[in-house]
$ cat entry32.cif   # mmCIF, C-alpha atoms and all ligand atoms
data_model
#
loop_
_atom_site.label_atom_id
_atom_site.label_comp_id
_atom_site.auth_asym_id
_atom_site.auth_seq_id
_atom_site.Cartn_x
_atom_site.Cartn_y
_atom_site.Cartn_z
CA MET A 1 84.50 62.28 94.86
CA LEU A 2 80.74 62.67 95.04
CA PRO A 3 79.84 59.35 96.71
CA PHE A 4 82.30 60.14 99.49
CA PHE A 5 80.38 63.30 100.33
CA THR A 6 77.07 61.44 100.45
CA GLU A 7 76.52 57.67 100.70
CA GLN A 8 80.07 56.67 101.62
CA PHE A 9 80.62 59.07 104.47
CA GLY A 10 82.73 56.76 106.66
CA ASN A 11 85.78 57.94 108.55
CA ALA A 12 88.94 56.27 107.23
CA ALA A 13 90.14 55.84 110.82
CA SER A 14 86.94 54.16 112.07
CA LEU A 15 87.82 50.56 111.46
CA GLN A 16 85.11 49.01 113.63
CA HIS A 17 82.52 48.93 110.83
CA PRO A 18 82.12 48.66 107.04
CA PHE A 19 81.63 52.43 106.60
CA GLY A 20 85.13 53.00 107.88
CA TRP A 21 86.55 50.11 105.85
CA GLU A 22 85.14 51.57 102.63
CA ALA A 23 86.65 54.96 103.36
CA GLN A 24 89.97 53.41 104.30
CA ALA A 25 90.08 51.34 101.11
CA ALA A 26 89.41 54.46 99.03
CA VAL A 27 92.14 56.40 100.83
CA GLU A 28 94.67 53.59 100.37
CA SER A 29 93.85 53.30 96.68
CA ALA A 30 94.39 57.07 96.31
CA ARG A 31 97.63 56.80 98.28
CA GLN A 32 98.89 54.25 95.77
CA HIS A 33 98.27 56.65 92.86
CA VAL A 34 99.75 59.66 94.69
CA ALA A 35 102.90 57.63 95.42
CA ALA A 36 103.18 56.15 91.94
CA LEU A 37 103.06 59.54 90.17
CA VAL A 38 106.33 60.55 91.84
CA GLY A 39 108.06 57.15 91.92
CA ALA A 40 107.47 56.48 95.61
CA ARG A 41 105.77 53.73 97.61
CA LEU A 42 102.36 53.64 99.20
CA ARG A 43 103.72 53.96 102.72
CA ASP A 44 105.76 57.06 101.88
CA VAL A 45 102.72 59.33 101.48
CA ILE A 46 101.52 61.68 104.24
CA PHE A 47 98.31 63.43 103.23
CA THR A 48 98.14 67.15 104.10
CA SER A 49 95.95 70.15 103.26
CA GLY A 50 98.19 71.08 100.32
CA ALA A 51 101.75 71.91 99.36
CA THR A 52 102.03 74.80 101.81
CA GLU A 53 101.48 72.48 104.74
CA ALA A 54 103.67 69.79 103.17
CA ASN A 55 106.57 72.27 102.78
CA ASN A 56 106.15 73.46 106.36
CA LEU A 57 106.09 69.86 107.57
CA ALA A 58 109.25 69.04 105.62
CA LEU A 59 111.26 72.07 106.75
CA ARG A 60 110.13 72.36 110.32
CA GLY A 61 109.71 68.62 110.77
CA VAL A 62 113.32 67.86 109.89
CA ILE A 63 114.65 70.64 112.14
CA ASP A 64 112.39 69.74 115.08
CA ALA A 65 113.31 66.06 114.80
CA LEU A 66 117.00 67.00 115.11
CA ALA A 67 116.36 68.70 118.41
CA ALA A 68 114.33 65.75 119.64
CA GLN A 69 117.08 63.22 118.94
CA PRO A 70 118.81 61.45 121.84
CA GLY A 71 121.53 63.76 123.05
CA GLY A 72 119.23 66.76 122.64
CA ARG A 73 119.92 69.85 120.59
CA PRO A 74 122.97 69.75 118.38
CA THR A 75 125.76 72.07 119.46
CA THR A 76 125.91 73.96 116.16
CA ALA A 77 122.81 75.57 114.67
CA PRO A 78 121.06 73.40 112.06
CA HIS A 79 121.52 74.59 108.48
CA VAL A 80 119.01 74.71 105.60
CA VAL A 81 120.02 75.55 102.03
CA THR A 82 117.38 76.79 99.59
CA VAL A 83 117.12 79.01 96.51
CA VAL A 84 115.99 82.65 96.18
CA THR A 85 113.34 81.81 93.57
CA GLU A 86 111.41 79.36 95.77
CA HIS A 87 107.68 79.73 96.42
CA PRO A 88 106.70 81.68 99.56
CA ALA A 89 105.55 78.34 101.01
CA VAL A 90 109.26 77.48 101.29
CA LEU A 91 110.81 80.93 101.78
CA ASP A 92 108.45 82.02 104.56
CA PRO A 93 108.89 78.94 106.80
CA CYS A 94 112.66 79.27 106.22
CA ALA A 95 112.51 82.88 107.45
CA VAL A 96 110.61 81.78 110.57
CA LEU A 97 113.17 79.02 111.24
CA GLU A 98 115.92 81.58 110.79
CA GLY A 99 114.28 83.76 113.43
CA GLN A 100 114.52 80.76 115.73
CA GLY A 101 118.25 80.28 115.26
CA VAL A 102 118.42 78.00 112.22
CA ARG A 103 121.06 79.04 109.66
CA VAL A 104 119.47 79.52 106.24
CA THR A 105 121.44 79.97 103.01
CA ARG A 106 119.50 81.22 99.98
CA VAL A 107 121.45 80.45 96.85
CA PRO A 108 121.03 82.82 93.86
CA VAL A 109 120.07 81.68 90.36
CA GLN A 110 121.64 82.44 86.99
CA THR A 111 119.93 84.84 84.55
CA ASP A 112 118.09 81.85 83.03
CA GLY A 113 116.61 80.94 86.42
CA LEU A 114 118.64 77.77 86.94
CA VAL A 115 120.83 77.18 89.97
CA ASP A 116 124.56 76.94 89.36
CA LEU A 117 125.47 73.53 90.81
CA ASP A 118 128.95 74.73 91.78
CA VAL A 119 127.48 77.61 93.77
CA LEU A 120 125.03 75.22 95.41
CA ARG A 121 127.79 72.73 96.18
CA ARG A 122 129.79 75.43 97.96
CA ALA A 123 126.75 76.38 100.07
CA VAL A 124 126.09 72.82 101.25
CA THR A 125 128.50 71.84 104.02
CA PRO A 126 128.84 68.83 106.34
CA GLY A 127 126.69 70.75 108.86
CA THR A 128 123.77 71.10 106.41
CA THR A 129 120.60 69.26 107.43
CA LEU A 130 118.33 69.87 104.46
CA VAL A 131 118.58 71.17 100.90
CA SER A 132 115.23 72.37 99.54
CA VAL A 133 115.03 73.19 95.83
CA MET A 134 111.79 73.34 93.86
CA ALA A 135 111.30 71.11 90.82
CA GLY A 136 109.53 73.47 88.37
CA ASN A 137 109.25 77.18 89.06
CA ASN A 138 105.66 78.44 89.35
CA GLU A 139 106.41 81.77 87.67
CA ILE A 140 109.04 81.10 85.02
CA GLY A 141 108.69 77.33 84.61
CA VAL A 142 112.37 76.38 84.72
CA LEU A 143 113.14 72.84 85.88
CA GLN A 144 116.01 72.49 88.33
CA PRO A 145 118.42 69.51 88.05
CA LEU A 146 116.95 67.47 90.91
CA ALA A 147 119.06 64.33 90.62
CA ALA A 148 122.32 66.28 90.66
CA ILE A 149 121.08 68.35 93.61
CA ALA A 150 120.13 65.21 95.54
CA THR A 151 123.59 63.77 94.93
CA LEU A 152 125.40 66.84 96.19
CA ALA A 153 123.10 67.03 99.24
CA HIS A 154 123.77 63.39 100.06
CA ASP A 155 127.52 63.82 99.55
CA ALA A 156 127.42 66.36 102.39
CA GLY A 157 125.19 64.18 104.57
CA ALA A 158 122.06 66.33 104.04
CA TRP A 159 118.57 65.34 102.95
CA MET A 160 116.99 66.70 99.80
CA HIS A 161 113.47 68.13 99.65
CA THR A 162 111.69 69.40 96.56
CA ASP A 163 108.47 71.34 96.10
CA ALA A 164 107.12 69.60 92.99
CA SER A 165 103.72 71.30 92.99
CA GLN A 166 104.14 72.55 89.44
CA ALA A 167 106.20 69.74 87.99
CA ALA A 168 104.37 66.63 89.23
CA SER A 169 101.62 66.72 86.62
CA LEU A 170 103.68 66.90 83.43
CA THR A 171 107.28 65.90 84.08
CA ALA A 172 108.45 62.43 85.04
CA ILE A 173 109.67 62.74 88.61
CA ASP A 174 111.05 59.55 90.09
CA MET A 175 111.94 60.08 93.75
CA THR A 176 113.62 56.70 93.97
CA GLY A 177 115.68 57.04 90.79
CA MET A 178 116.59 60.68 91.46
CA GLY A 179 117.39 60.20 95.14
CA ILE A 180 114.82 62.73 96.39
CA ASP A 181 114.11 62.17 100.09
CA LEU A 182 111.09 64.44 100.61
CA LEU A 183 108.67 65.84 98.03
CA SER A 184 105.64 68.13 98.34
CA TYR A 185 102.80 68.37 95.89
CA THR A 186 99.19 69.45 95.76
CA ALA A 187 96.07 68.13 94.02
CA HIS A 188 94.78 71.37 92.54
CA LYS A 189 97.87 71.82 90.35
CA LEU A 190 96.93 68.60 88.56
CA TYR A 191 93.22 69.24 88.01
CA GLY A 192 92.29 67.82 91.42
CA PRO A 193 90.41 69.51 94.27
CA LYS A 194 91.79 72.38 96.32
CA GLY A 195 92.72 71.84 99.96
CA VAL A 196 94.50 68.48 99.70
CA GLY A 197 98.12 67.58 99.04
CA ALA A 198 100.90 65.36 100.30
CA LEU A 199 104.38 65.25 101.70
CA VAL A 200 106.00 62.15 100.28
CA VAL A 201 108.89 60.97 102.45
CA ARG A 202 110.85 58.01 101.16
CA ARG A 203 111.03 55.50 103.96
CA ALA A 204 114.24 54.12 102.48
CA SER A 205 115.90 57.50 103.22
CA LYS A 206 115.20 57.13 106.96
CA VAL A 207 114.42 60.83 107.35
CA ALA A 208 113.79 61.81 110.97
CA LEU A 209 110.64 63.93 110.90
CA ALA A 210 108.61 65.53 113.70
CA PRO A 211 104.92 66.42 113.25
CA LEU A 212 103.69 70.04 113.07
CA HIS A 213 100.78 69.37 115.39
CA HIS A 214 99.67 66.65 117.72
CA GLY A 215 96.49 64.64 118.14
CA GLY A 216 95.04 61.32 117.06
CA GLY A 217 98.21 60.00 115.47
CA HIS A 218 96.89 59.72 111.91
CA GLU A 219 99.34 59.29 109.03
CA ARG A 220 101.88 57.40 111.18
CA GLY A 221 101.74 60.14 113.80
CA LEU A 222 103.05 62.73 111.34
CA ARG A 223 99.78 64.46 110.52
CA SER A 224 97.08 64.04 113.12
CA GLY A 225 93.50 64.84 112.19
CA THR A 226 90.64 63.08 110.42
CA LEU A 227 91.46 62.56 106.75
CA ASN A 228 89.67 64.54 104.05
CA VAL A 229 88.32 61.42 102.34
CA PRO A 230 86.55 63.05 99.34
CA GLY A 231 89.53 65.33 98.72
CA ILE A 232 91.98 62.44 98.91
CA VAL A 233 89.85 60.38 96.53
CA GLY A 234 89.93 63.30 94.07
CA PHE A 235 93.69 63.71 94.52
CA GLY A 236 94.21 59.99 93.83
CA GLU A 237 92.17 60.10 90.64
CA ALA A 238 93.94 63.27 89.48
CA ALA A 239 97.31 61.57 90.08
CA ARG A 240 96.18 58.46 88.24
CA LEU A 241 95.06 60.50 85.23
CA ALA A 242 98.22 62.59 85.26
CA ARG A 243 100.37 59.47 85.16
CA GLU A 244 98.30 58.04 82.32
CA ARG A 245 98.33 61.26 80.27
CA ARG A 246 101.68 62.81 81.08
CA ALA A 247 103.56 61.32 78.11
CA SER A 248 101.01 62.69 75.63
CA ASP A 249 99.91 65.92 77.40
CA GLY A 250 103.48 67.11 78.00
CA PRO A 251 104.72 67.21 74.39
CA ARG A 252 101.35 68.51 73.13
CA LEU A 253 101.36 71.45 75.55
CA ALA A 254 105.04 72.15 74.96
CA ALA A 255 104.35 72.40 71.22
CA LEU A 256 101.41 74.79 71.80
CA ARG A 257 103.49 76.84 74.22
CA ASP A 258 106.33 77.05 71.69
CA ARG A 259 103.84 78.08 69.01
CA LEU A 260 102.56 80.91 71.24
CA TRP A 261 106.10 82.11 71.95
CA THR A 262 107.16 81.91 68.29
CA ARG A 263 104.16 83.94 67.18
CA LEU A 264 104.74 86.66 69.79
CA ARG A 265 108.46 86.82 69.09
CA ASP A 266 108.04 86.95 65.31
CA ALA A 267 105.31 89.59 65.36
CA LEU A 268 106.53 91.96 68.07
CA PRO A 269 109.82 93.73 68.78
CA ASP A 270 111.19 93.95 72.33
CA VAL A 271 109.63 90.78 73.77
CA HIS A 272 111.65 88.58 76.11
CA LEU A 273 111.31 85.01 77.29
CA ARG A 274 111.75 84.88 81.07
CA GLY A 275 113.70 81.84 82.24
CA ALA A 276 115.53 79.21 80.22
CA ALA A 277 113.73 77.92 77.12
CA SER A 278 114.66 74.47 78.34
CA PRO A 279 114.48 72.54 80.57
CA ARG A 280 111.09 74.03 81.29
CA LEU A 281 107.58 73.00 82.34
CA PRO A 282 105.60 72.24 79.16
CA HIS A 283 102.65 74.45 80.10
CA ASN A 284 104.43 77.62 81.25
CA LEU A 285 105.37 80.71 79.25
CA ASN A 286 106.51 83.95 80.89
CA VAL A 287 107.09 86.87 78.54
CA GLY A 288 108.32 90.43 79.11
CA PHE A 289 106.82 93.10 76.85
CA GLY A 290 109.21 96.09 76.75
CA GLY A 291 107.61 99.42 77.66
CA LEU A 292 104.37 97.88 78.98
CA THR A 293 103.17 96.42 82.26
CA GLY A 294 101.76 92.94 82.71
CA ARG A 295 98.91 94.56 84.61
CA ALA A 296 97.87 96.71 81.61
CA LEU A 297 97.91 93.63 79.39
CA VAL A 298 95.75 91.67 81.82
CA LEU A 299 93.21 94.51 81.79
CA GLY A 300 93.14 94.40 78.00
CA LEU A 301 92.63 90.63 77.82
CA THR A 302 89.39 90.66 79.75
CA ASP A 303 88.00 87.19 79.06
CA ILE A 304 91.36 85.43 79.21
CA ALA A 305 92.49 84.00 82.54
CA VAL A 306 96.07 85.24 82.56
CA SER A 307 98.14 86.80 85.30
CA PRO A 308 101.25 88.94 85.71
CA GLY A 309 102.64 86.63 88.38
CA ALA A 310 101.78 84.06 91.00
CA ALA A 311 98.26 83.82 92.42
CA CYS A 312 99.83 83.83 95.87
CA ALA A 313 101.41 87.26 95.25
CA SER A 314 98.72 88.93 93.16
CA THR A 315 97.46 91.01 96.09
CA SER A 316 100.89 92.55 96.52
CA ALA A 317 102.12 95.49 94.46
CA ALA A 318 105.78 94.45 94.80
CA PRO A 319 107.49 93.16 91.65
CA SER A 320 108.06 89.40 91.52
CA HIS A 321 111.00 88.19 93.64
CA VAL A 322 111.58 85.50 91.02
CA LEU A 323 111.97 87.97 88.13
CA LEU A 324 114.21 90.25 90.22
CA ALA A 325 116.38 87.21 91.00
CA LEU A 326 117.04 86.83 87.24
CA GLY A 327 118.74 90.22 87.37
CA LEU A 328 115.83 92.20 85.91
CA ASP A 329 115.11 95.70 87.23
CA GLU A 330 111.70 96.57 88.67
CA VAL A 331 110.34 97.99 85.39
CA GLU A 332 111.39 94.89 83.46
CA ALA A 333 109.92 92.64 86.15
CA ARG A 334 106.59 94.46 85.95
CA SER A 335 106.50 94.15 82.16
CA SER A 336 106.01 90.38 82.38
CA LEU A 337 102.97 88.26 81.78
CA ARG A 338 102.65 84.59 82.66
CA PHE A 339 100.67 82.24 80.41
CA GLY A 340 99.57 78.82 81.65
CA LEU A 341 98.28 76.19 79.23
CA LEU A 342 95.81 73.51 80.26
CA ARG A 343 95.01 69.95 79.30
CA THR A 344 91.90 71.39 77.62
CA THR A 345 93.74 74.13 75.70
CA THR A 346 93.35 73.79 71.92
CA GLU A 347 95.40 75.01 68.97
CA PRO A 348 92.72 77.49 67.79
CA GLU A 349 92.64 78.96 71.31
CA VAL A 350 96.39 79.49 71.22
CA GLU A 351 96.24 81.12 67.77
CA ASP A 352 93.41 83.38 68.92
CA LEU A 353 95.34 84.28 72.07
CA ALA A 354 98.43 85.13 70.03
CA ASP A 355 96.34 87.34 67.68
CA ARG A 356 94.85 89.20 70.59
CA VAL A 357 98.08 89.73 72.50
CA ILE A 358 99.84 90.95 69.35
CA ALA A 359 97.00 93.40 68.59
CA LEU A 360 96.83 94.64 72.16
CA VAL A 361 100.58 95.14 72.53
CA SER A 362 100.70 97.02 69.22
CA THR A 363 97.79 99.27 70.22
CA LEU A 364 99.17 100.04 73.67
CA ARG A 365 102.62 100.77 72.29
CA ALA A 366 101.21 103.05 69.55
CA ARG A 367 99.46 105.12 72.24
CA ARG A 368 102.60 105.86 74.16
C1 LIG B 1 100.59 76.32 94.36
C2 LIG B 1 101.94 76.11 94.93
C3 LIG B 1 102.13 75.92 96.30
C4 LIG B 1 101.00 76.01 97.31
O1 LIG B 1 100.10 74.95 97.20
P1 LIG B 1 98.80 74.93 98.14
O2 LIG B 1 98.10 73.70 97.75
O3 LIG B 1 98.05 76.19 97.83
O4 LIG B 1 99.26 74.92 99.55
C5 LIG B 1 103.41 75.71 96.76
N1 LIG B 1 104.44 75.67 95.93
C6 LIG B 1 104.32 75.84 94.60
C7 LIG B 1 105.52 75.76 93.72
C8 LIG B 1 103.06 76.07 94.05
O5 LIG B 1 102.94 76.26 92.74
#

$ encode --input "entry32.cif" --output "structure tokens"
Amino acid sequence: MLPFFTEQFGNAASLQHPFGWEAQAAVESARQHVAALVGARLRDVIFTSGATEANNLALRGVIDALAAQPGGRPTTAPHVVTVVTEHPAVLDPCAVLEGQGVRVTRVPVQTDGLVDLDVLRRAVTPGTTLVSVMAGNNEIGVLQPLAAIATLAHDAGAWMHTDASQAASLTAIDMTGMGIDLLSYTAHKLYGPKGVGALVVRRASKVALAPLHHGGGHERGLRSGTLNVPGIVGFGEAARLARERRASDGPRLAALRDRLWTRLRDALPDVHLRGAASPRLPHNLNVGFGGLTGRALVLGLTDIAVSPGAACASTSAAPSHVLLALGLDEVEARSSLRFGLLRTTTEPEVEDLADRVIALVSTLRARR
């Protein structure tokens, strides 16, 4: 990224001189990698500021495009189907759309965090415009059955969107093979820079999409504004590395994650895995520790970067909406701690972490 902050400072839309050409070539090379990671084509990628913007563009863009179609607004209210355990970057725009007359159905999940396809099928009707279901859950790691969801959306004449922010780095997502029409993801969840992401819209799906804001017509008119060239270059390289390393990083992290879970479960009574053991993101482990709070554990693990829930909700005192959706009560939801493993995480680190969590949980429980 560094040269694009300094020597190669061209604007990717200034095609009158070599500075612009260099920037444009770098952006198009990154676009190729961002598309390839999720089984899409170069021209499908719309760069955004992250997954939040990409989700908003997908949800609002599809609804606004309906209203803009020849013949004007449809006579019945548009309908969006999503799931209760989605990220706020999907749930909040859905709530705003609902306030503006869009019908929104939020399908529940089973106690293992997975959607019941029969329940989802009943929610999706011929009047449904869009079905939005995340790929891998950011709190409990479960992987939803995307291909089956895309099929049932298409059977009803709806498009399928997925927030793949968590899943893109370590699971093989193939938009073309799975029939996914729109997909959001973000660079910083795959070791890239913060503040850059993409909405990938398969051209073959012929999705009608309206932009969120209006201006210079960048990104085929769908996302006006000068491109963040250094950020996009970093995103492209992160996507390239993820694609290269996914097949080896995934199983390695899954084995370390399983080792951590096995050690906690074998050493401590009253510990609970949140979400299905599989299919699950390789780097996610969410554990409930009976009688304790995740917050107390975080305080006791001072030099370990661990969190009771999502970064996006850590300022709120409310228990996680995802854990409540599994049927847990508030006390159980607050007893959970989420572990995230990294590409750089080693086996000795995991053993040390397990030792420390086991010691801390035993000490805190003995004090009660
Ligand atoms: C992190 C995350 C987001 C938000 O991504 P930003 O780049 O911060 O906009 C959205 N959805 C999921 C599932 C995430 O994990």

$ closest_atom_pairs --input "entry32.cif" --of "region 267-331 of chain A" --to "region 357-364 of chain A" --cutoff "7 Å" --atoms "all atoms listed in the file" --output "JSON lines"
{"residue": "A:Ala267", "atom": "CA", "partner": "A:Ile358", "partner_atom": "CA", "distance": 6.9}
{"residue": "A:Leu268", "atom": "CA", "partner": "A:Ile358", "partner_atom": "CA", "distance": 6.9}
{"residue": "A:Gly300", "atom": "CA", "partner": "A:Leu360", "partner_atom": "CA", "distance": 6.9}

$ closest_residue --input "entry32.cif" --among "A:Asp355, A:Glu22, A:Glu139, A:Asp266" --to "ligand LIG 1 (chain B)" --atoms "all atoms listed in the file"
A:Glu139

$ residues_around --input "entry32.cif" --residues "Ala198 (chain A)" --least-positions-apart "5" --cutoff "9 Å" --atoms "all atoms listed in the file" --output "PyMOL selection string"
chain A and resi 34+45-51+53-54+183-187

$ atom_distance --input "entry32.cif" --atom1 "CA of Val90 (chain A)" --atom2 "CA of Gly250 (chain A)"
26.1 Å

$ closest_atom_pairs --input "entry32.cif" --of "chain A" --to "ligand LIG 1 (chain B)" --cutoff "6 Å" --atoms "all atoms listed in the file" --output "CSV"
residue,atom,partner,partner_atom,distance
A:Gly50,CA,B:LIG1,O2,3.7
A:Ala51,CA,B:LIG1,O4,3.9
A:Thr52,CA,B:LIG1,O4,3.6
A:His87,CA,B:LIG1,N1,5.2
A:Ala89,CA,B:LIG1,C5,5.4
A:Asn138,CA,B:LIG1,O5,4.9
A:Asp163,CA,B:LIG1,C7,5.8
A:Ser165,CA,B:LIG1,C6,4.9
A:Gln166,CA,B:LIG1,O5,5.1
A:Thr186,CA,B:LIG1,O2,4.8

$ atom_distance --input "entry32.cif" --atom1 "CA of Val104 (chain A)" --atom2 "CA of Leu209 (chain A)"
18.5 Å

$ atom_distance --input "entry32.cif" --atom1 "CA of Gly215 (chain A)" --atom2 "CA of Gly197 (chain A)"
19.4 Å

$ closest_residue --input "entry32.cif" --among "A:Glu332, A:Arg106, A:Ile180, A:Gly234" --to "Ala204 (chain A)" --atoms "all atoms listed in the file"
A:Ile180

$ decode --input "entry32.cif" --residues "region 178-193 of chain A" --atoms "N, CA and C atoms" --output "mmCIF file, in the first residue's frame"
data_model
loop_
_atom_site.group_PDB
_atom_site.id
_atom_site.type_symbol
_atom_site.label_atom_id
_atom_site.label_comp_id
_atom_site.auth_asym_id
_atom_site.auth_seq_id
_atom_site.Cartn_x
_atom_site.Cartn_y
_atom_site.Cartn_z
ATOM 1 N N MET A 178 -22.590 -21.372 -6.114
ATOM 2 C CA MET A 178 -23.626 -21.434 -5.086
ATOM 3 C C MET A 178 -24.870 -20.633 -5.458
ATOM 4 N N GLY A 179 -24.795 -19.849 -6.514
ATOM 5 C CA GLY A 179 -25.956 -19.078 -6.947
ATOM 6 C C GLY A 179 -26.201 -17.822 -6.128
ATOM 7 N N ILE A 180 -25.153 -17.307 -5.479
ATOM 8 C CA ILE A 180 -25.322 -16.089 -4.667
ATOM 9 C C ILE A 180 -25.315 -14.877 -5.610
ATOM 10 N N ASP A 181 -26.304 -14.005 -5.471
ATOM 11 C CA ASP A 181 -26.413 -12.859 -6.380
ATOM 12 C C ASP A 181 -25.617 -11.654 -5.888
ATOM 13 N N LEU A 182 -25.681 -11.396 -4.577
ATOM 14 C CA LEU A 182 -24.968 -10.241 -4.012
ATOM 15 C C LEU A 182 -24.216 -10.692 -2.762
ATOM 16 N N LEU A 183 -22.999 -10.201 -2.589
ATOM 17 C CA LEU A 183 -22.182 -10.613 -1.448
ATOM 18 C C LEU A 183 -21.390 -9.418 -0.934
ATOM 19 N N SER A 184 -21.404 -9.224 0.393
ATOM 20 C CA SER A 184 -20.631 -8.150 1.009
ATOM 21 C C SER A 184 -19.440 -8.746 1.728
ATOM 22 N N TYR A 185 -18.299 -8.064 1.617
ATOM 23 C CA TYR A 185 -17.201 -8.406 2.522
ATOM 24 C C TYR A 185 -16.257 -7.235 2.703
ATOM 25 N N THR A 186 -15.336 -7.371 3.660
ATOM 26 C CA THR A 186 -14.569 -6.219 4.102
ATOM 27 C C THR A 186 -13.120 -6.607 4.341
ATOM 28 N N ALA A 187 -12.188 -5.722 3.954
ATOM 29 C CA ALA A 187 -10.770 -6.077 3.962
ATOM 30 C C ALA A 187 -10.228 -6.391 5.350
ATOM 31 N N HIS A 188 -10.701 -5.668 6.372
ATOM 32 C CA HIS A 188 -10.032 -5.836 7.677
ATOM 33 C C HIS A 188 -10.353 -7.151 8.364
ATOM 34 N N LYS A 189 -11.323 -7.919 7.834
ATOM 35 C CA LYS A 189 -11.572 -9.242 8.399
ATOM 36 C C LYS A 189 -10.674 -10.288 7.745
ATOM 37 N N LEU A 190 -9.856 -9.872 6.768
ATOM 38 C CA LEU A 190 -8.886 -10.800 6.196
ATOM 39 C C LEU A 190 -7.505 -10.173 6.196
ATOM 40 N N TYR A 191 -7.187 -9.524 7.308
ATOM 41 C CA TYR A 191 -5.839 -8.971 7.535
ATOM 42 C C TYR A 191 -5.527 -7.796 6.607
ATOM 43 N N GLY A 192 -6.524 -7.213 5.992
ATOM 44 C CA GLY A 192 -6.333 -6.035 5.155
ATOM 45 C C GLY A 192 -6.589 -4.774 5.962
ATOM 46 N N PRO A 193 -6.567 -3.629 5.295
ATOM 47 C CA PRO A 193 -6.780 -2.351 5.998
ATOM 48 C C PRO A 193 -8.252 -2.131 6.357
#
